[in-house]
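Below is start18.cif, holding mmCIF, C-alpha atoms.
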```cif
data_work
loop_
_atom_site.label_atom_id
_atom_site.label_comp_id
_atom_site.auth_asym_id
_atom_site.auth_seq_id
_atom_site.Cartn_x
_atom_site.Cartn_y
_atom_site.Cartn_z
CA MET A 25 9.67 -102.52 108.56
CA GLN A 26 11.62 -102.64 105.40
CA THR A 27 15.25 -103.85 105.20
CA ILE A 28 17.72 -102.00 103.06
CA ASP A 29 20.41 -103.89 101.18
CA ILE A 30 23.72 -102.04 101.54
CA THR A 31 25.99 -104.47 99.74
CA PRO A 32 28.00 -102.69 97.04
CA THR A 33 27.07 -103.44 93.50
CA PRO A 34 29.96 -104.57 91.32
CA THR A 35 31.11 -102.05 88.75
CA PRO A 36 30.49 -103.27 85.24
CA THR A 37 33.60 -104.07 83.24
CA ARG A 38 34.05 -102.13 80.04
CA THR A 39 34.37 -104.13 76.91
CA PRO A 40 36.16 -102.56 73.97
CA ARG A 41 33.76 -100.90 71.60
CA ARG A 42 33.58 -102.28 68.12
CA HIS A 43 31.76 -101.12 65.09
CA PRO A 44 28.27 -102.58 65.36
CA LEU A 45 28.38 -104.03 61.86
CA MET A 46 31.83 -105.63 62.21
CA PRO A 47 32.00 -109.01 63.92
CA PRO A 48 34.72 -109.37 66.57
CA ASN A 49 36.86 -111.86 64.65
CA SER A 50 36.47 -110.44 61.19
CA PRO A 51 39.54 -110.22 58.94
CA ALA A 52 39.46 -106.41 59.11
CA THR A 53 39.54 -106.43 62.92
CA THR A 54 42.39 -108.92 63.14
CA ARG A 55 44.31 -107.10 60.38
CA ARG A 56 43.97 -103.81 62.26
CA ALA A 57 45.13 -105.44 65.48
CA SER A 58 48.15 -107.00 63.78
CA GLN A 59 49.02 -103.63 62.20
CA ARG A 60 48.88 -101.95 65.61
CA ALA A 61 51.10 -104.67 67.07
CA ALA A 62 53.60 -104.25 64.22
CA ILE A 63 53.69 -100.49 64.78
CA ARG A 64 54.30 -101.00 68.51
CA ARG A 65 57.18 -103.40 67.74
CA LEU A 66 58.75 -100.87 65.37
CA GLN A 67 58.34 -98.09 67.92
CA ARG A 68 60.07 -100.17 70.59
CA ALA A 69 62.91 -100.93 68.16
CA GLN A 70 63.31 -97.24 67.33
CA LEU A 71 63.37 -96.33 71.03
CA ALA A 72 66.12 -98.91 71.54
CA GLU A 73 68.06 -97.33 68.65
CA ALA A 74 67.56 -93.88 70.21
CA ARG A 75 68.98 -95.16 73.49
CA ARG A 76 71.94 -96.62 71.57
CA ILE A 77 72.57 -93.21 69.98
CA ARG A 78 72.37 -91.57 73.40
CA GLN A 79 74.91 -94.05 74.79
CA THR A 80 77.25 -93.59 71.79
CA VAL A 81 77.19 -89.80 72.12
CA ALA A 82 77.78 -90.04 75.87
CA ASP A 83 80.77 -92.33 75.26
CA ALA A 84 82.20 -89.98 72.63
CA TYR A 85 82.04 -87.02 75.01
CA THR A 86 83.18 -89.19 77.99
CA LEU A 87 79.90 -88.59 79.80
CA THR A 88 77.23 -90.85 81.18
CA PRO A 89 73.76 -91.06 79.65
CA ALA A 90 72.41 -89.79 82.97
CA LEU A 91 74.35 -86.54 82.46
CA LEU A 92 72.68 -86.09 79.07
CA ARG A 93 69.32 -86.30 80.84
CA CYS A 94 70.16 -84.00 83.76
CA PRO A 95 68.93 -80.39 83.90
CA ARG A 96 72.45 -78.88 84.03
CA ARG A 97 73.54 -76.78 81.05
CA PRO A 98 77.33 -76.41 80.85
CA ALA A 99 78.58 -75.91 77.30
CA LEU A 100 79.99 -79.43 76.96
CA LEU A 101 76.74 -81.05 78.14
CA ALA A 102 74.64 -78.78 75.94
CA GLU A 103 76.72 -79.59 72.86
CA ALA A 104 76.63 -83.34 73.54
CA ARG A 105 72.86 -83.17 74.07
CA GLN A 106 72.40 -81.21 70.83
CA VAL A 107 74.52 -83.72 68.90
CA ALA A 108 72.36 -86.54 70.29
CA MET A 109 69.23 -84.63 69.25
CA TYR A 110 70.63 -84.09 65.76
CA LEU A 111 71.62 -87.74 65.29
CA MET A 112 68.29 -89.04 66.59
CA ARG A 113 66.33 -86.71 64.35
CA LEU A 114 68.48 -87.50 61.31
CA ARG A 115 68.87 -91.26 61.62
CA LEU A 116 65.61 -92.53 63.09
CA ARG A 117 62.20 -92.84 61.49
CA TRP A 118 58.95 -93.18 63.39
CA PRO A 119 56.57 -95.81 62.00
CA LEU A 120 53.31 -93.91 62.19
CA PRO A 121 50.93 -92.80 59.48
CA ALA A 122 51.51 -89.16 60.27
CA ARG A 123 52.45 -86.07 58.31
CA THR A 124 56.11 -86.82 58.77
CA THR A 125 57.92 -90.04 59.54
CA ALA A 126 60.80 -88.33 61.31
CA PHE A 127 61.36 -89.32 64.92
CA PRO A 128 59.17 -86.93 66.95
CA CYS A 129 60.88 -84.06 68.74
CA THR A 130 58.68 -84.63 71.79
CA ARG A 131 59.95 -88.22 72.06
CA ILE A 132 63.57 -87.10 71.64
CA GLY A 133 63.05 -84.48 74.34
CA ARG A 134 61.64 -87.10 76.68
CA LEU A 135 64.66 -89.34 76.10
CA LEU A 136 67.01 -86.47 76.92
CA GLY A 137 65.63 -85.42 80.26
CA GLY A 138 62.15 -84.12 79.52
CA ARG A 139 63.17 -81.35 77.15
CA ASP A 140 60.49 -79.45 75.25
CA HIS A 141 60.04 -80.13 71.53
CA ALA A 142 61.10 -76.54 70.75
CA THR A 143 64.38 -77.14 72.58
CA VAL A 144 64.97 -80.22 70.45
CA MET A 145 64.18 -78.33 67.24
CA HIS A 146 66.59 -75.57 68.28
CA GLY A 147 69.33 -78.08 69.13
CA VAL A 148 68.96 -79.84 65.79
CA ALA A 149 69.08 -76.50 63.95
CA VAL A 150 72.17 -75.33 65.85
CA ILE A 151 74.12 -78.49 65.02
CA ALA A 152 72.97 -78.45 61.38
CA VAL A 153 74.15 -74.84 60.95
CA ARG A 154 77.46 -75.55 62.67
CA LEU A 155 78.07 -78.59 60.46
CA VAL A 156 77.69 -76.67 57.21
CA SER A 157 79.60 -73.61 58.37
CA GLY A 158 83.22 -73.41 57.29
CA ARG A 159 84.37 -72.05 60.62
CA GLU A 160 87.59 -73.39 62.05
CA GLU A 161 86.18 -73.97 65.55
CA ASP A 162 83.40 -76.19 64.15
CA ALA A 163 85.86 -78.61 62.53
CA SER A 164 86.05 -80.69 65.70
CA LEU A 165 82.25 -80.93 65.80
CA ARG A 166 82.16 -82.11 62.19
CA GLN A 167 84.78 -84.72 62.99
CA ILE A 168 82.84 -85.92 66.07
CA VAL A 169 79.54 -86.21 64.18
CA ARG A 170 81.27 -88.04 61.31
CA ALA A 171 82.92 -90.46 63.75
CA LEU A 172 79.65 -91.04 65.60
CA GLY A 173 77.89 -91.77 62.32
CA ALA A 174 80.58 -94.29 61.39
CA THR A 175 80.35 -95.90 64.83
CA LEU A 176 76.57 -96.20 64.58
CA ASP A 177 76.83 -97.60 61.05
CA ALA A 178 79.32 -100.22 62.24
CA THR A 179 77.01 -101.12 65.13
CA TYR A 180 74.05 -101.52 62.79
CA GLU A 181 76.07 -103.68 60.40
CA ALA A 182 77.41 -105.85 63.23
CA THR A 183 73.92 -106.51 64.59
CA GLY A 184 72.54 -107.12 61.12
CA ARG A 185 69.64 -104.76 61.68
CA ARG A 186 68.53 -101.98 59.40
CA HIS A 187 68.18 -98.52 60.75
CA GLY A 188 66.07 -95.63 59.52
CA ARG A 189 68.86 -93.47 58.22
CA ALA A 190 67.70 -90.81 55.80
CA ALA A 191 68.72 -91.41 52.22
#
```
Would you mind writing the file out in structure tokens?
Amino acid sequence: MQTIDITPTPTPTRTPRRHPLMPPNSPATTRRASQRAAIRRLQRAQLAEARRIRQTVADAYTLTPALLRCPRRPALLAEARQVAMYLMRLRLRWPLPARTTAFPCTRIGRLLGGRDHATVMHGVAVIAVRLVSGREEDASLRQIVRALGATLDATYEATGRRHGRAA
């Protein structure tokens, strides 16, 4: 009689694939790894700045950041959310070699309660149109956005960090 071995075989561990002609510790490999690490650091810094913008907008509208992320849509919450979208899109830059360096709308939507990128684009457009209109009822919005920009600038200067404000 033959005995059958039923012990499980260990699953092989996957090693990261490298180009077959490039040694593992070549200057190109380490340079690429350090570039990826630098990009991740910049992305984390930009996400922290986005959270700071979200907190500043919530404070200006006397809301909590959790309310900016909730699914409710009263006019005050919608306006505050759209102002946050506008400021994030205008003032932050995303450090990726992509077609655009603007902070991605999908990331902004995720920070504001899982909104779709089209919702973010619409919110940015609505605030941009209201800011350039000469309507009397939009004067308070212009004043709020100007004050928020000054507050954020003062915060950046106090911390001594540069931000990605558009020129």
Calculated over only C-alpha atoms, which of the candidates A:Ala142, A:Ala62, A:Leu135, A:Ile151 has the smallest distance to Gln106 of chain A?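 Result for the nearest residue to Gln106 of chain A: A:Ile151.
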Tell me, counting only C-alpha atoms, for each residue of segment 88-135 of chain A within 9 Å of segment 69-75 of chain A, which pair of atoms is nearest and how far apart they are in Å to one decimal, in rows ordered by chain and increasing number, as a Markdown table.
```
| residue | atom | partner | partner_atom | distance |
| --- | --- | --- | --- | --- |
| A:Pro89 | CA | A:Arg75 | CA | 8.8 |
| A:Ala108 | CA | A:Ala74 | CA | 8.8 |
| A:Leu111 | CA | A:Ala74 | CA | 8.9 |
| A:Met112 | CA | A:Ala74 | CA | 6.1 |
| A:Leu116 | CA | A:Gln70 | CA | 6.7 |
| A:Arg117 | CA | A:Gln70 | CA | 7.4 |
| A:Trp118 | CA | A:Gln70 | CA | 7.1 |
| A:Pro119 | CA | A:Gln70 | CA | 8.7 |
| A:Phe127 | CA | A:Gln70 | CA | 8.5 |
| A:Arg131 | CA | A:Leu71 | CA | 8.9 |
| A:Ile132 | CA | A:Ala74 | CA | 8.0 |
| A:Leu135 | CA | A:Arg75 | CA | 7.7 |
```
Point-to-point distance in Å for atom CA of Glu103 of chain A and atom CA of Val150 of chain A: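 A separation of 9.4 Å between them.
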Answer key for the PyMOL selection byres ((chain A and resi 172) around 9), residues as a list of chain:residue names: A:Ile77, A:Thr80, A:Val81, A:Ala84, A:Leu111, A:Gln167, A:Ile168, A:Val169, A:Arg170, A:Ala171, A:Gly173, A:Ala174, A:Thr175, A:Leu176, A:Asp177
Residues as selected, C-alpha atoms, written as a PDB file, keeping the file's coordinate frame, can you do that?
```pdb
ATOM      1  CA  ILE A  77      72.570 -93.210  69.980  1.00  0.00           C
ATOM      2  CA  THR A  80      77.250 -93.590  71.790  1.00  0.00           C
ATOM      3  CA  VAL A  81      77.190 -89.800  72.120  1.00  0.00           C
ATOM      4  CA  ALA A  84      82.200 -89.980  72.630  1.00  0.00           C
ATOM      5  CA  LEU A 111      71.620 -87.740  65.290  1.00  0.00           C
ATOM      6  CA  GLN A 167      84.780 -84.720  62.990  1.00  0.00           C
ATOM      7  CA  ILE A 168      82.840 -85.920  66.070  1.00  0.00           C
ATOM      8  CA  VAL A 169      79.540 -86.210  64.180  1.00  0.00           C
ATOM      9  CA  ARG A 170      81.270 -88.040  61.310  1.00  0.00           C
ATOM     10  CA  ALA A 171      82.920 -90.460  63.750  1.00  0.00           C
ATOM     11  CA  GLY A 173      77.890 -91.770  62.320  1.00  0.00           C
ATOM     12  CA  ALA A 174      80.580 -94.290  61.390  1.00  0.00           C
ATOM     13  CA  THR A 175      80.350 -95.900  64.830  1.00  0.00           C
ATOM     14  CA  LEU A 176      76.570 -96.200  64.580  1.00  0.00           C
ATOM     15  CA  ASP A 177      76.830 -97.600  61.050  1.00  0.00           C
TER      16      ASP A 177
END
```
Atomic separation - atom CA of Arg113 of chain A relative to atom CA of Ile63 of chain A, Å: 18.7 Å
The PyMOL selection byres ((chain A and resi 155) around 12) resolved against shown file, as a PyMOL selection string: chain A and resi 107+110+148-154+156-170
Using atom CA of Gly138 of chain A and atom CA of Arg97 of chain A as the two end points, give the distance in Å to one decimal.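 Computed distance, atom CA of Gly138 of chain A to atom CA of Arg97 of chain A, equals 13.6 Å.
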Since I can't run it myself right now, could you work out what the PyMOL selection byres ((chain A and resi 130) around 8) selects here and report it as number ranges by chain? A: 128-129, 131-134, 139-141, 144
Rank nothing, just name the residue among A:Glu181, A:Arg56, A:Gly137, A:Gly147 nearest to Leu91 of chain A, using all atoms listed in the file.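 Ranking A:Glu181, A:Arg56, A:Gly137, A:Gly147 by distance to Leu91 of chain A, first place goes to A:Gly137.
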